[in-house]
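Next comes final.tsv, a file with TSV, C-alpha atoms and all ligand atoms.
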```tsv
chain	number	residue	atom	x	y	z
A	1	MET	CA	8.57	92.13	-6.84
A	2	THR	CA	10.91	92.15	-9.83
A	3	ILE	CA	10.17	94.97	-12.21
A	4	TYR	CA	10.86	93.91	-15.80
A	5	THR	CA	11.39	96.86	-18.07
A	6	ASP	CA	11.60	94.70	-21.19
A	7	ALA	CA	9.58	91.51	-20.88
A	8	THR	CA	10.88	89.98	-24.12
A	9	ALA	CA	14.49	90.32	-23.00
A	10	LYS	CA	13.70	88.07	-20.05
A	11	ARG	CA	12.16	85.23	-22.06
A	12	VAL	CA	13.88	81.86	-21.83
A	13	CYS	CA	13.86	78.68	-23.93
A	14	ASN	CA	11.01	76.80	-22.26
A	15	PHE	CA	11.06	73.04	-22.89
A	16	ALA	CA	8.22	72.25	-20.43
A	17	ALA	CA	5.77	69.45	-21.25
A	18	GLY	CA	2.71	71.55	-20.47
A	19	PRO	CA	1.60	74.16	-19.78
A	20	ALA	CA	4.18	75.03	-22.35
A	21	VAL	CA	5.62	77.65	-24.63
A	22	LEU	CA	3.05	79.66	-26.61
A	23	PRO	CA	3.70	81.49	-29.89
A	24	GLN	CA	5.12	84.91	-29.11
A	25	PRO	CA	2.84	86.64	-31.67
A	26	VAL	CA	-0.15	85.14	-29.82
A	27	LEU	CA	1.06	86.49	-26.49
A	28	GLU	CA	1.72	89.89	-28.04
A	29	LYS	CA	-1.74	90.02	-29.59
A	30	ALA	CA	-3.34	89.05	-26.27
A	31	ARG	CA	-1.27	91.76	-24.56
A	32	ASP	CA	-2.32	94.36	-27.14
A	33	GLU	CA	-5.98	93.41	-26.74
A	34	MET	CA	-5.85	92.98	-22.98
A	35	LEU	CA	-7.46	96.26	-21.95
A	36	ASN	CA	-9.73	96.86	-24.92
A	37	TYR	CA	-10.69	93.89	-27.06
A	38	ALA	CA	-11.61	94.95	-30.63
A	39	GLY	CA	-13.03	98.28	-29.54
A	40	SER	CA	-15.34	96.72	-26.95
A	41	GLY	CA	-13.76	98.83	-24.22
A	42	MET	CA	-13.16	95.78	-22.06
A	43	SER	CA	-10.87	92.77	-21.73
A	44	VAL	CA	-11.92	89.29	-22.85
A	45	LEU	CA	-11.41	88.46	-19.17
A	46	GLU	CA	-14.26	90.78	-18.27
A	47	MET	CA	-16.64	89.99	-21.09
A	48	SER	CA	-20.00	88.20	-20.87
A	49	HIS	CA	-19.90	84.78	-22.48
A	50	ARG	CA	-23.30	85.67	-23.97
A	51	SER	CA	-22.01	88.86	-25.64
A	52	ALA	CA	-21.78	89.21	-29.40
A	53	ALA	CA	-18.03	89.80	-29.08
A	54	PHE	CA	-17.46	86.50	-27.28
A	55	GLU	CA	-19.80	84.64	-29.59
A	56	ASP	CA	-17.58	85.84	-32.42
A	57	ILE	CA	-14.44	84.67	-30.54
A	58	ILE	CA	-15.73	81.13	-29.93
A	59	ASN	CA	-17.22	80.82	-33.44
A	60	ARG	CA	-13.94	81.89	-35.03
A	61	ALA	CA	-11.91	79.54	-32.83
A	62	GLU	CA	-14.13	76.67	-33.94
A	63	ALA	CA	-14.08	77.73	-37.60
A	64	ASP	CA	-10.29	78.01	-37.65
A	65	LEU	CA	-9.87	74.58	-36.02
A	66	ARG	CA	-12.27	73.19	-38.63
A	67	THR	CA	-10.20	74.72	-41.42
A	68	LEU	CA	-6.91	73.49	-39.94
A	69	TYR	CA	-7.98	69.86	-39.67
A	70	GLY	CA	-10.56	69.91	-42.44
A	71	ILE	CA	-13.12	68.72	-39.90
A	72	PRO	CA	-16.16	67.29	-41.73
A	73	ALA	CA	-19.56	68.95	-41.22
A	74	ASN	CA	-20.94	65.92	-39.35
A	75	TYR	CA	-18.54	66.53	-36.45
A	76	LYS	CA	-19.10	68.76	-33.41
A	77	VAL	CA	-16.27	70.81	-31.93
A	78	LEU	CA	-16.70	71.34	-28.19
A	79	PHE	CA	-14.74	73.47	-25.74
A	80	LEU	CA	-15.00	71.83	-22.33
A	81	GLN	CA	-13.55	72.23	-18.86
A	82	GLY	CA	-11.98	69.58	-16.62
A	83	GLY	CA	-8.94	69.04	-18.82
A	84	ALA	CA	-8.06	65.79	-20.51
A	85	ASN	CA	-8.70	64.01	-17.21
A	86	LEU	CA	-12.42	64.72	-17.36
A	87	GLN	CA	-12.50	63.13	-20.81
A	88	PHE	CA	-11.03	59.95	-19.28
A	89	GLY	CA	-14.41	59.62	-17.53
A	90	MET	CA	-16.74	61.45	-19.87
A	91	ILE	CA	-15.92	59.30	-22.89
A	92	PRO	CA	-16.86	55.93	-21.37
A	93	MET	CA	-19.80	57.52	-19.57
A	94	ASN	CA	-21.22	58.88	-22.83
A	95	LEU	CA	-20.05	56.50	-25.53
A	96	ARG	CA	-20.03	53.09	-23.97
A	97	ALA	CA	-23.76	53.04	-24.02
A	98	ALA	CA	-24.21	51.12	-27.26
A	99	GLY	CA	-25.95	48.17	-25.67
A	100	THR	CA	-25.57	49.46	-22.13
A	101	PRO	CA	-28.91	49.03	-20.35
A	102	ILE	CA	-30.12	52.42	-19.20
A	103	ASP	CA	-30.78	51.12	-15.69
A	104	ALA	CA	-27.11	50.11	-15.56
A	105	VAL	CA	-26.17	53.70	-16.22
A	106	LEU	CA	-28.68	55.19	-13.82
A	107	THR	CA	-27.87	52.83	-10.98
A	108	GLY	CA	-24.16	53.12	-11.55
A	109	ASN	CA	-23.91	49.41	-12.32
A	110	TRP	CA	-21.44	50.05	-15.10
A	111	SER	CA	-20.08	46.51	-15.17
A	112	LYS	CA	-22.99	45.64	-17.48
A	113	GLY	CA	-21.73	48.05	-20.14
A	114	THR	CA	-20.27	47.18	-23.52
A	115	PRO	CA	-16.52	46.52	-23.22
A	116	ILE	CA	-14.10	48.97	-24.75
A	117	ASP	CA	-10.71	48.21	-26.32
A	118	ALA	CA	-7.72	50.30	-25.27
A	119	VAL	CA	-4.05	50.34	-26.20
A	120	LEU	CA	-1.71	50.78	-23.23
A	121	THR	CA	1.37	52.69	-24.39
A	122	GLY	CA	2.33	54.84	-21.39
A	123	ASN	CA	1.29	56.80	-18.33
A	124	TRP	CA	-1.53	58.72	-20.00
A	125	SER	CA	-3.26	55.77	-21.60
A	126	LYS	CA	-2.81	54.00	-18.26
A	127	ALA	CA	-4.52	56.85	-16.43
A	128	ALA	CA	-7.39	56.87	-18.93
A	129	ILE	CA	-7.82	53.09	-18.68
A	130	LYS	CA	-7.90	53.31	-14.88
A	131	GLU	CA	-10.81	55.74	-15.05
A	132	ALA	CA	-12.63	53.84	-17.80
A	133	LYS	CA	-12.44	50.67	-15.68
A	134	LYS	CA	-14.44	52.42	-12.97
A	135	LEU	CA	-17.20	52.72	-15.57
A	136	GLY	CA	-17.20	49.21	-17.01
A	137	PRO	CA	-15.08	46.56	-18.68
A	138	VAL	CA	-11.91	47.45	-20.61
A	139	ASN	CA	-9.90	45.06	-22.77
A	140	ILE	CA	-6.24	45.87	-23.24
A	141	ALA	CA	-5.75	45.40	-26.98
A	142	ALA	CA	-1.96	45.59	-26.57
A	143	THR	CA	0.54	46.84	-23.99
A	144	THR	CA	4.19	47.87	-24.12
A	145	GLU	CA	4.57	48.09	-20.35
A	146	ALA	CA	7.09	45.21	-20.28
A	147	THR	CA	9.65	47.48	-21.96
A	148	ASN	CA	8.71	50.58	-19.94
A	149	PHE	CA	6.57	52.00	-22.73
A	150	ASN	CA	9.39	52.58	-25.19
A	151	ARG	CA	7.46	51.82	-28.36
A	152	ILE	CA	4.12	51.85	-30.17
A	153	PRO	CA	2.69	48.41	-31.00
A	154	ALA	CA	2.22	47.37	-34.62
A	155	GLN	CA	-1.29	46.94	-36.00
A	156	ASN	CA	-0.89	43.15	-36.07
A	157	GLU	CA	-0.15	43.12	-32.31
A	158	LEU	CA	-3.58	44.54	-31.48
A	159	GLN	CA	-6.17	42.09	-30.25
A	160	LEU	CA	-9.34	43.81	-31.30
A	161	ASP	CA	-12.92	43.03	-30.40
A	162	PRO	CA	-15.28	43.61	-33.35
A	163	ASN	CA	-18.05	44.35	-30.81
A	164	ALA	CA	-16.12	46.85	-28.69
A	165	ALA	CA	-17.90	50.12	-27.90
A	166	TYR	CA	-14.80	51.91	-29.28
A	167	LEU	CA	-11.03	51.60	-29.60
A	168	TYR	CA	-9.10	54.04	-27.39
A	169	PHE	CA	-5.51	55.16	-27.86
A	170	THR	CA	-3.17	58.02	-26.95
A	171	SER	CA	-1.54	59.43	-30.07
A	172	ASN	CA	1.45	60.83	-28.21
A	173	GLU	CA	2.61	59.71	-24.78
A	174	THR	CA	3.96	62.90	-23.25
A	175	ILE	CA	5.98	61.18	-20.54
A	176	GLY	CA	7.59	58.29	-22.43
A	177	GLY	CA	8.01	60.24	-25.66
A	178	VAL	CA	6.43	57.69	-28.02
A	179	GLU	CA	4.02	58.69	-30.76
A	180	TRP	CA	1.79	56.79	-33.17
A	181	GLN	CA	3.07	57.58	-36.67
A	182	THR	CA	-0.34	56.62	-38.07
A	183	GLU	CA	-3.47	55.81	-36.12
A	184	PRO	CA	-4.48	52.20	-35.30
A	185	VAL	CA	-7.22	50.73	-37.49
A	186	PRO	CA	-10.26	49.50	-35.54
A	187	PRO	CA	-12.58	46.75	-36.79
A	188	ALA	CA	-15.31	47.98	-39.16
A	189	GLY	CA	-17.98	49.90	-37.26
A	190	VAL	CA	-15.91	50.38	-34.09
A	191	PRO	CA	-15.23	54.12	-33.53
A	192	LEU	CA	-11.67	55.24	-32.95
A	193	VAL	CA	-11.20	57.46	-29.89
A	194	CYS	CA	-7.97	59.41	-29.39
A	195	ASP	CA	-6.31	61.41	-26.64
A	196	ALA	CA	-4.28	63.83	-28.75
A	197	SER	CA	-3.44	66.19	-25.90
A	198	SER	CA	0.26	66.44	-26.63
A	199	ASP	CA	0.27	66.36	-30.43
A	200	PHE	CA	-2.96	68.19	-31.18
A	201	VAL	CA	-2.70	70.43	-34.29
A	202	SER	CA	0.90	69.30	-34.82
A	203	ARG	CA	0.29	67.51	-38.16
A	204	PRO	CA	-2.55	66.89	-40.63
A	205	LEU	CA	-5.01	64.12	-39.71
A	206	ASP	CA	-7.95	62.59	-41.51
A	207	ILE	CA	-10.60	63.36	-38.87
A	208	SER	CA	-13.13	61.15	-40.68
A	209	LYS	CA	-11.18	58.13	-39.34
A	210	TYR	CA	-12.07	59.17	-35.78
A	211	GLY	CA	-15.22	58.86	-33.72
A	212	LEU	CA	-13.81	61.28	-31.15
A	213	LEU	CA	-10.51	63.10	-30.81
A	214	TYR	CA	-9.75	65.33	-27.85
A	215	ALA	CA	-6.96	67.36	-26.33
A	216	GLY	CA	-6.25	69.35	-23.22
A	217	ALA	CA	-5.17	72.61	-24.85
A	218	GLN	CA	-2.24	73.40	-22.59
A	219	LYS	CA	0.48	71.77	-24.67
A	220	ASN	CA	0.12	72.59	-28.31
A	221	ALA	CA	-3.04	74.64	-28.60
A	222	GLY	CA	-3.24	77.21	-25.83
A	223	PRO	CA	-3.34	77.62	-22.06
A	224	ALA	CA	-4.72	75.32	-19.37
A	225	GLY	CA	-8.44	75.44	-18.66
A	226	VAL	CA	-9.99	74.13	-21.85
A	227	ALA	CA	-10.16	70.79	-23.62
A	228	VAL	CA	-11.15	70.59	-27.28
A	229	VAL	CA	-13.37	67.63	-28.17
A	230	ILE	CA	-14.04	66.77	-31.82
A	231	LEU	CA	-16.92	64.33	-31.95
A	232	ARG	CA	-18.81	62.57	-34.75
A	233	GLU	CA	-22.48	63.53	-34.45
A	234	ASP	CA	-24.01	60.08	-34.77
A	235	LEU	CA	-22.25	59.04	-31.54
A	236	LEU	CA	-24.47	61.46	-29.62
A	237	ALA	CA	-27.23	58.87	-30.03
A	238	ARG	CA	-25.30	56.72	-27.55
A	239	VAL	CA	-25.41	59.28	-24.75
A	240	PRO	CA	-27.56	57.80	-21.99
A	241	GLU	CA	-30.46	59.82	-20.62
A	242	GLY	CA	-30.04	61.19	-17.12
A	243	LEU	CA	-26.36	62.11	-17.06
A	244	VAL	CA	-25.40	65.18	-15.08
A	245	SER	CA	-25.74	67.97	-17.68
A	246	ILE	CA	-22.18	69.18	-17.55
A	247	LEU	CA	-20.96	65.62	-18.24
A	248	ASP	CA	-23.34	65.10	-21.15
A	249	TYR	CA	-21.91	65.61	-24.66
A	250	LYS	CA	-25.41	66.08	-26.03
A	251	VAL	CA	-26.17	68.97	-23.67
A	252	MET	CA	-22.80	70.57	-24.38
A	253	ALA	CA	-23.25	70.16	-28.16
A	254	GLU	CA	-26.84	71.47	-28.16
A	255	ASN	CA	-25.64	74.53	-26.26
A	256	LYS	CA	-22.56	75.06	-28.45
A	257	SER	CA	-20.27	74.71	-25.39
A	258	LEU	CA	-22.17	77.55	-23.68
A	259	TYR	CA	-24.40	75.53	-21.34
A	260	ASN	CA	-22.52	77.12	-18.46
A	261	THR	CA	-19.85	79.82	-18.35
A	262	PRO	CA	-17.00	78.45	-20.42
A	263	PRO	CA	-13.29	79.21	-19.91
A	264	CYS	CA	-13.58	82.31	-22.09
A	265	PHE	CA	-10.01	83.51	-22.02
A	266	SER	CA	-8.55	80.04	-22.71
A	267	ILE	CA	-10.88	79.66	-25.71
A	268	TYR	CA	-9.80	83.09	-26.95
A	269	ILE	CA	-6.12	82.04	-26.81
A	270	VAL	CA	-6.88	78.70	-28.55
A	271	GLY	CA	-8.48	80.81	-31.29
A	272	LEU	CA	-5.39	83.00	-31.58
A	273	VAL	CA	-3.17	79.90	-31.79
A	274	ALA	CA	-5.37	78.39	-34.52
A	275	LYS	CA	-5.20	81.67	-36.46
A	276	TRP	CA	-1.41	81.77	-36.01
A	277	LEU	CA	-1.19	78.24	-37.44
A	278	LEU	CA	-3.38	79.13	-40.42
A	279	ASP	CA	-1.30	82.23	-41.18
A	280	LEU	CA	1.84	80.06	-41.04
A	281	GLY	CA	0.52	77.73	-43.71
A	282	GLY	CA	-1.57	75.27	-41.71
A	283	LEU	CA	-0.82	71.79	-40.41
A	284	THR	CA	1.29	70.63	-43.36
A	285	GLU	CA	3.69	73.50	-42.75
A	286	ILE	CA	3.81	73.11	-38.96
A	287	ALA	CA	4.34	69.34	-39.33
A	288	LYS	CA	7.35	70.03	-41.57
A	289	ARG	CA	8.77	72.44	-39.00
A	290	ASN	CA	8.09	70.07	-36.11
A	291	GLN	CA	9.86	67.21	-37.90
A	292	ALA	CA	12.87	69.40	-38.67
A	293	LYS	CA	13.15	70.47	-35.01
A	294	ALA	CA	12.88	66.90	-33.71
A	295	ASP	CA	15.40	65.68	-36.31
A	296	LEU	CA	17.95	68.19	-35.01
A	297	ILE	CA	17.87	66.77	-31.48
A	298	TYR	CA	17.59	63.10	-32.51
A	299	ALA	CA	20.65	63.61	-34.77
A	300	VAL	CA	22.67	64.73	-31.73
A	301	ILE	CA	21.42	61.70	-29.76
A	302	ASP	CA	22.20	59.28	-32.60
A	303	GLY	CA	25.56	60.95	-33.21
A	304	ALA	CA	26.81	60.00	-29.75
A	305	PRO	CA	25.14	56.69	-28.84
A	306	ASP	CA	27.71	55.96	-26.14
A	307	PHE	CA	26.65	59.16	-24.33
A	308	PHE	CA	22.99	59.87	-25.24
A	309	LYS	CA	20.46	57.05	-25.05
A	310	GLY	CA	17.01	57.76	-26.50
A	311	HIS	CA	14.19	56.18	-24.47
A	312	ALA	CA	11.91	55.47	-27.45
A	313	GLU	CA	12.62	52.99	-30.19
A	314	LYS	CA	13.43	54.91	-33.36
A	315	ALA	CA	10.25	53.96	-35.22
A	316	SER	CA	8.11	55.17	-32.30
A	317	ARG	CA	9.88	58.44	-31.57
A	318	SER	CA	7.76	61.44	-30.61
A	319	ARG	CA	8.27	64.71	-32.47
A	320	MET	CA	6.81	66.55	-29.49
A	321	ASN	CA	8.44	65.12	-26.36
A	322	LEU	CA	12.00	63.85	-26.82
A	323	THR	CA	13.18	61.64	-23.97
A	324	PHE	CA	16.80	60.62	-23.45
A	325	ARG	CA	19.26	59.47	-20.83
A	326	LEU	CA	22.91	60.21	-20.11
A	327	PRO	CA	25.43	57.63	-18.78
A	328	ASN	CA	24.43	58.31	-15.15
A	329	GLU	CA	22.02	60.32	-12.99
A	330	ASP	CA	24.67	62.71	-11.71
A	331	LEU	CA	25.40	63.76	-15.28
A	332	GLU	CA	21.67	64.15	-15.94
A	333	LYS	CA	21.32	66.49	-12.95
A	334	LYS	CA	24.38	68.43	-14.07
A	335	PHE	CA	22.96	68.68	-17.60
A	336	ALA	CA	19.63	70.12	-16.39
A	337	LYS	CA	21.36	72.56	-14.04
A	338	GLU	CA	23.91	73.85	-16.54
A	339	ALA	CA	21.28	74.07	-19.29
A	340	ALA	CA	19.06	76.15	-16.99
A	341	ALA	CA	21.97	78.49	-16.30
A	342	GLU	CA	22.09	79.10	-20.06
A	343	GLY	CA	18.35	79.80	-20.26
A	344	LEU	CA	17.33	76.30	-21.46
A	345	LEU	CA	14.65	75.43	-18.91
A	346	GLU	CA	12.45	72.48	-17.88
A	347	LEU	CA	14.57	69.68	-19.34
A	348	LYS	CA	14.27	67.26	-16.43
A	349	GLY	CA	12.46	64.05	-17.41
A	350	HIS	CA	9.37	62.71	-15.66
A	351	ARG	CA	10.27	60.62	-12.61
A	352	SER	CA	8.84	57.42	-14.13
A	353	VAL	CA	11.26	57.53	-17.07
A	354	GLY	CA	14.05	59.56	-15.49
A	355	GLY	CA	16.67	61.30	-17.56
A	356	LEU	CA	15.82	64.28	-19.68
A	357	ARG	CA	12.90	65.42	-21.79
A	358	ALA	CA	12.73	68.24	-24.30
A	359	SER	CA	9.24	69.24	-25.41
A	360	LEU	CA	9.32	70.75	-28.89
A	361	TYR	CA	5.73	71.80	-29.41
A	362	ASN	CA	4.48	73.89	-32.32
A	363	ALA	CA	5.43	77.15	-30.63
A	364	GLN	CA	8.98	76.07	-29.79
A	365	PRO	CA	11.17	78.34	-31.92
A	366	LEU	CA	13.82	76.71	-34.10
A	367	SER	CA	16.38	79.00	-32.43
A	368	ALA	CA	15.63	77.37	-29.04
A	369	VAL	CA	16.05	73.89	-30.51
A	370	GLU	CA	19.33	74.92	-32.16
A	371	ALA	CA	20.50	76.30	-28.83
A	372	LEU	CA	19.64	72.99	-27.14
A	373	ALA	CA	21.40	70.94	-29.84
A	374	GLY	CA	24.50	73.11	-29.43
A	375	PHE	CA	24.38	72.77	-25.66
A	376	MET	CA	24.06	68.98	-25.93
A	377	LYS	CA	27.12	68.72	-28.17
A	378	GLU	CA	29.17	70.96	-25.87
A	379	PHE	CA	28.07	69.03	-22.81
A	380	LYS	CA	29.09	65.75	-24.41
A	381	LYS	CA	32.48	67.22	-25.38
A	382	LYS	CA	33.15	68.30	-21.79
A	383	ASN	CA	31.70	65.25	-20.02
A	384	GLY	CA	31.81	62.38	-22.51
A	401	LIG	C1	-1.42	62.80	-23.37
A	401	LIG	C2	-2.01	63.44	-22.14
A	401	LIG	N1	-3.24	63.09	-21.75
A	401	LIG	C3	-3.79	63.62	-20.66
A	401	LIG	C4	-3.14	64.55	-19.88
A	401	LIG	C5	-3.83	65.12	-18.68
A	401	LIG	O1	-4.22	66.39	-18.96
A	401	LIG	P1	-5.06	67.29	-17.93
A	401	LIG	O2	-4.08	67.74	-16.90
A	401	LIG	O3	-5.58	68.40	-18.79
A	401	LIG	O4	-6.14	66.48	-17.35
A	401	LIG	C6	-1.84	64.94	-20.26
A	401	LIG	C7	-1.04	65.93	-19.56
A	401	LIG	O5	-1.02	66.49	-18.65
A	401	LIG	C8	-1.27	64.36	-21.41
A	401	LIG	O6	-0.03	64.70	-21.78
```
Kindly return the structure encoded in the file as structure tokens.
Amino acid sequence: MTIYTDATAKRVCNFAAGPAVLPQPVLEKARDEMLNYAGSGMSVLEMSHRSAAFEDIINRAEADLRTLYGIPANYKVLFLQGGANLQFGMIPMNLRAAGTPIDAVLTGNWSKGTPIDAVLTGNWSKAAIKEAKKLGPVNIAATTEATNFNRIPAQNELQLDPNAAYLYFTSNETIGGVEWQTEPVPPAGVPLVCDASSDFVSRPLDISKYGLLYAGAQKNAGPAGVAVVILREDLLARVPEGLVSILDYKVMAENKSLYNTPPCFSIYIVGLVAKWLLDLGGLTEIAKRNQAKADLIYAVIDGAPDFFKGHAEKASRSRMNLTFRLPNEDLEKKFAKEAAAEGLLELKGHRSVGGLRASLYNAQPLSAVEALAGFMKEFKKKNG
């Protein structure tokens, strides 16, 4: 086993898509509190989820998320397990039910359910649609698959059903690197449902436009193990009777996410990240920083268009996951290898897009992004 005498000296620039870099002050605080949390004499890892200390942790995490987004009082904030993938199933299971006959739910005859509208913009919306289809009809309101998911459709491209149970979209496609600059507008009365896993708490949002917004925490908001679900209360009336308790938003909401043992430590870290964001100046400030970091890398890409080719159309570019290609695959491999040797890690793109991907989440320090921009320019000079 390697013995590190100075852990910080060994830290690298981590451009992974998730789990991903966390704010160093958060890690340091967790380290400092590891053996004795707030005078309790024990670690959060060892603490009862029914203790007063943990109740305070989960309440503060929720309160700080509410402050960050300005979440209205008629919304629930839930901390659930099963990652974003469980939400792919839980959302249609719980929210499709406007008009879904209860016997259809109980007998698993989901094809009778109210159709949902979904926008297909990349691998993650595709995965969510695949699951939702197992639970009833899904209309594809628009798709960009023909151009390998390199853009976000315009509002006037969406074919929307005014009777849909909800309109589903993925605000940032982590693999393709495309991001909705503003959310789609559903027909009046149709709730908007968003997978915000990879741009959660990265910019201000008007939560009142959403019926439900959720995120696996492991990209921008904390470690793996917890998904945050922000849900408008009136939608709980749609939850069909008889669902397995752990899959039932109503049960989870009534029990304040403590129906069963929650992922205590992950929630604690989400709380520390939310506090870190508040101390920094909130979502307006982090959005400014995120834009500045993304601009640095896109400027290098745009400055050498014969060498760097961005995957996303400019108007659809993600600030979180920046995807680009080099003139050939050998150069891409060389880029990732030489970057890693300089401490710039996890830059290989997802196999479905190829090329390279730099994830510049909230916690990615500007110094790491500057180091990457410098490396890109040098690499182009030597290989262009
Ligand atoms: C946008 C998006 N949605 C969903 C997922 C799936 O998340 P999980 O692994 O938590 O199910 C991911 C990433 O892994 C993602 O980036």
I want to know what sits within 8 Å of A:Cys13, based on all atoms listed in the file, with residues of the same chain fewer than 5 positions away left out; could you give that as a ChimeraX atom specification?
/A:343-345,368
For stretch 380-383 of chain A, list every protein, DNA or RNA residue within 10 Å, evaluated using all atoms listed in the file, and leave out those in the same chain fewer than 2 positions away; present the list as a count of residues only.
13
Please identify every polymer residue within 10 Å of ligand LIG 401 (chain A), using only C-alpha atoms and all ligand atoms, and present the set as an MDAnalysis selection string.
chainID A and resid 17:19 81:88 122:128 169:177 194:200 214:219 224:227 321
Selection to disk with C-alpha atoms, as a PDB file, keeping the file's coordinate frame:
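Now in again-v5.pdb:
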```pdb
ATOM      1  CA  ALA A  17       5.770  69.450 -21.250  1.00  0.00           C
ATOM      2  CA  GLY A  18       2.710  71.550 -20.470  1.00  0.00           C
ATOM      3  CA  PRO A  19       1.600  74.160 -19.780  1.00  0.00           C
ATOM      4  CA  GLN A  81     -13.550  72.230 -18.860  1.00  0.00           C
ATOM      5  CA  GLY A  82     -11.980  69.580 -16.620  1.00  0.00           C
ATOM      6  CA  GLY A  83      -8.940  69.040 -18.820  1.00  0.00           C
ATOM      7  CA  ALA A  84      -8.060  65.790 -20.510  1.00  0.00           C
ATOM      8  CA  ASN A  85      -8.700  64.010 -17.210  1.00  0.00           C
ATOM      9  CA  LEU A  86     -12.420  64.720 -17.360  1.00  0.00           C
ATOM     10  CA  GLN A  87     -12.500  63.130 -20.810  1.00  0.00           C
ATOM     11  CA  PHE A  88     -11.030  59.950 -19.280  1.00  0.00           C
ATOM     12  CA  GLY A 122       2.330  54.840 -21.390  1.00  0.00           C
ATOM     13  CA  ASN A 123       1.290  56.800 -18.330  1.00  0.00           C
ATOM     14  CA  TRP A 124      -1.530  58.720 -20.000  1.00  0.00           C
ATOM     15  CA  SER A 125      -3.260  55.770 -21.600  1.00  0.00           C
ATOM     16  CA  LYS A 126      -2.810  54.000 -18.260  1.00  0.00           C
ATOM     17  CA  ALA A 127      -4.520  56.850 -16.430  1.00  0.00           C
ATOM     18  CA  ALA A 128      -7.390  56.870 -18.930  1.00  0.00           C
ATOM     19  CA  PHE A 169      -5.510  55.160 -27.860  1.00  0.00           C
ATOM     20  CA  THR A 170      -3.170  58.020 -26.950  1.00  0.00           C
ATOM     21  CA  SER A 171      -1.540  59.430 -30.070  1.00  0.00           C
ATOM     22  CA  ASN A 172       1.450  60.830 -28.210  1.00  0.00           C
ATOM     23  CA  GLU A 173       2.610  59.710 -24.780  1.00  0.00           C
ATOM     24  CA  THR A 174       3.960  62.900 -23.250  1.00  0.00           C
ATOM     25  CA  ILE A 175       5.980  61.180 -20.540  1.00  0.00           C
ATOM     26  CA  GLY A 176       7.590  58.290 -22.430  1.00  0.00           C
ATOM     27  CA  GLY A 177       8.010  60.240 -25.660  1.00  0.00           C
ATOM     28  CA  CYS A 194      -7.970  59.410 -29.390  1.00  0.00           C
ATOM     29  CA  ASP A 195      -6.310  61.410 -26.640  1.00  0.00           C
ATOM     30  CA  ALA A 196      -4.280  63.830 -28.750  1.00  0.00           C
ATOM     31  CA  SER A 197      -3.440  66.190 -25.900  1.00  0.00           C
ATOM     32  CA  SER A 198       0.260  66.440 -26.630  1.00  0.00           C
ATOM     33  CA  ASP A 199       0.270  66.360 -30.430  1.00  0.00           C
ATOM     34  CA  PHE A 200      -2.960  68.190 -31.180  1.00  0.00           C
ATOM     35  CA  TYR A 214      -9.750  65.330 -27.850  1.00  0.00           C
ATOM     36  CA  ALA A 215      -6.960  67.360 -26.330  1.00  0.00           C
ATOM     37  CA  GLY A 216      -6.250  69.350 -23.220  1.00  0.00           C
ATOM     38  CA  ALA A 217      -5.170  72.610 -24.850  1.00  0.00           C
ATOM     39  CA  GLN A 218      -2.240  73.400 -22.590  1.00  0.00           C
ATOM     40  CA  LYS A 219       0.480  71.770 -24.670  1.00  0.00           C
ATOM     41  CA  ALA A 224      -4.720  75.320 -19.370  1.00  0.00           C
ATOM     42  CA  GLY A 225      -8.440  75.440 -18.660  1.00  0.00           C
ATOM     43  CA  VAL A 226      -9.990  74.130 -21.850  1.00  0.00           C
ATOM     44  CA  ALA A 227     -10.160  70.790 -23.620  1.00  0.00           C
ATOM     45  CA  ASN A 321       8.440  65.120 -26.360  1.00  0.00           C
TER      46      ASN A 321
END
```
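For the atom pair formed by atom CA of A:Tyr69 and atom CA of A:Arg319, the distance is 18.5 Å, given to one decimal.
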Please work out which residues fall within 9 Å of (-6.7, 50.8, -30.8), coordinates as given in the file, with all atoms listed in the file counting, and return them as JSON, numbers by chain.
{"A": [117, 118, 119, 141, 142, 155, 158, 159, 160, 166, 167, 168, 169, 170, 183, 184, 185, 186, 192, 193, 194]}
Selected residues, C-alpha atoms, written as a short mmCIF file (atom, residue, chain, number, x, y, z; two decimals), in the frame of the given file, please.
```
data_model
loop_
_atom_site.label_atom_id
_atom_site.label_comp_id
_atom_site.auth_asym_id
_atom_site.auth_seq_id
_atom_site.Cartn_x
_atom_site.Cartn_y
_atom_site.Cartn_z
CA ASP A 117 -10.71 48.21 -26.32
CA ALA A 118 -7.72 50.30 -25.27
CA VAL A 119 -4.05 50.34 -26.20
CA ALA A 141 -5.75 45.40 -26.98
CA ALA A 142 -1.96 45.59 -26.57
CA GLN A 155 -1.29 46.94 -36.00
CA LEU A 158 -3.58 44.54 -31.48
CA GLN A 159 -6.17 42.09 -30.25
CA LEU A 160 -9.34 43.81 -31.30
CA TYR A 166 -14.80 51.91 -29.28
CA LEU A 167 -11.03 51.60 -29.60
CA TYR A 168 -9.10 54.04 -27.39
CA PHE A 169 -5.51 55.16 -27.86
CA THR A 170 -3.17 58.02 -26.95
CA GLU A 183 -3.47 55.81 -36.12
CA PRO A 184 -4.48 52.20 -35.30
CA VAL A 185 -7.22 50.73 -37.49
CA PRO A 186 -10.26 49.50 -35.54
CA LEU A 192 -11.67 55.24 -32.95
CA VAL A 193 -11.20 57.46 -29.89
CA CYS A 194 -7.97 59.41 -29.39
#
```
So which one's closest to A:Gly89, A:Asp234, A:Glu254, A:Glu179, A:Glu131? Using only C-alpha atoms, please.
A:Glu131
Taking 5 positions as the minimum chain separation for residues in the same chain, which residues sit within 12 Å of A:Asn255 when counting all atoms listed in the file? Answer as number ranges by chain.
A: 50, 76-80, 245-246, 248-250, 260-262
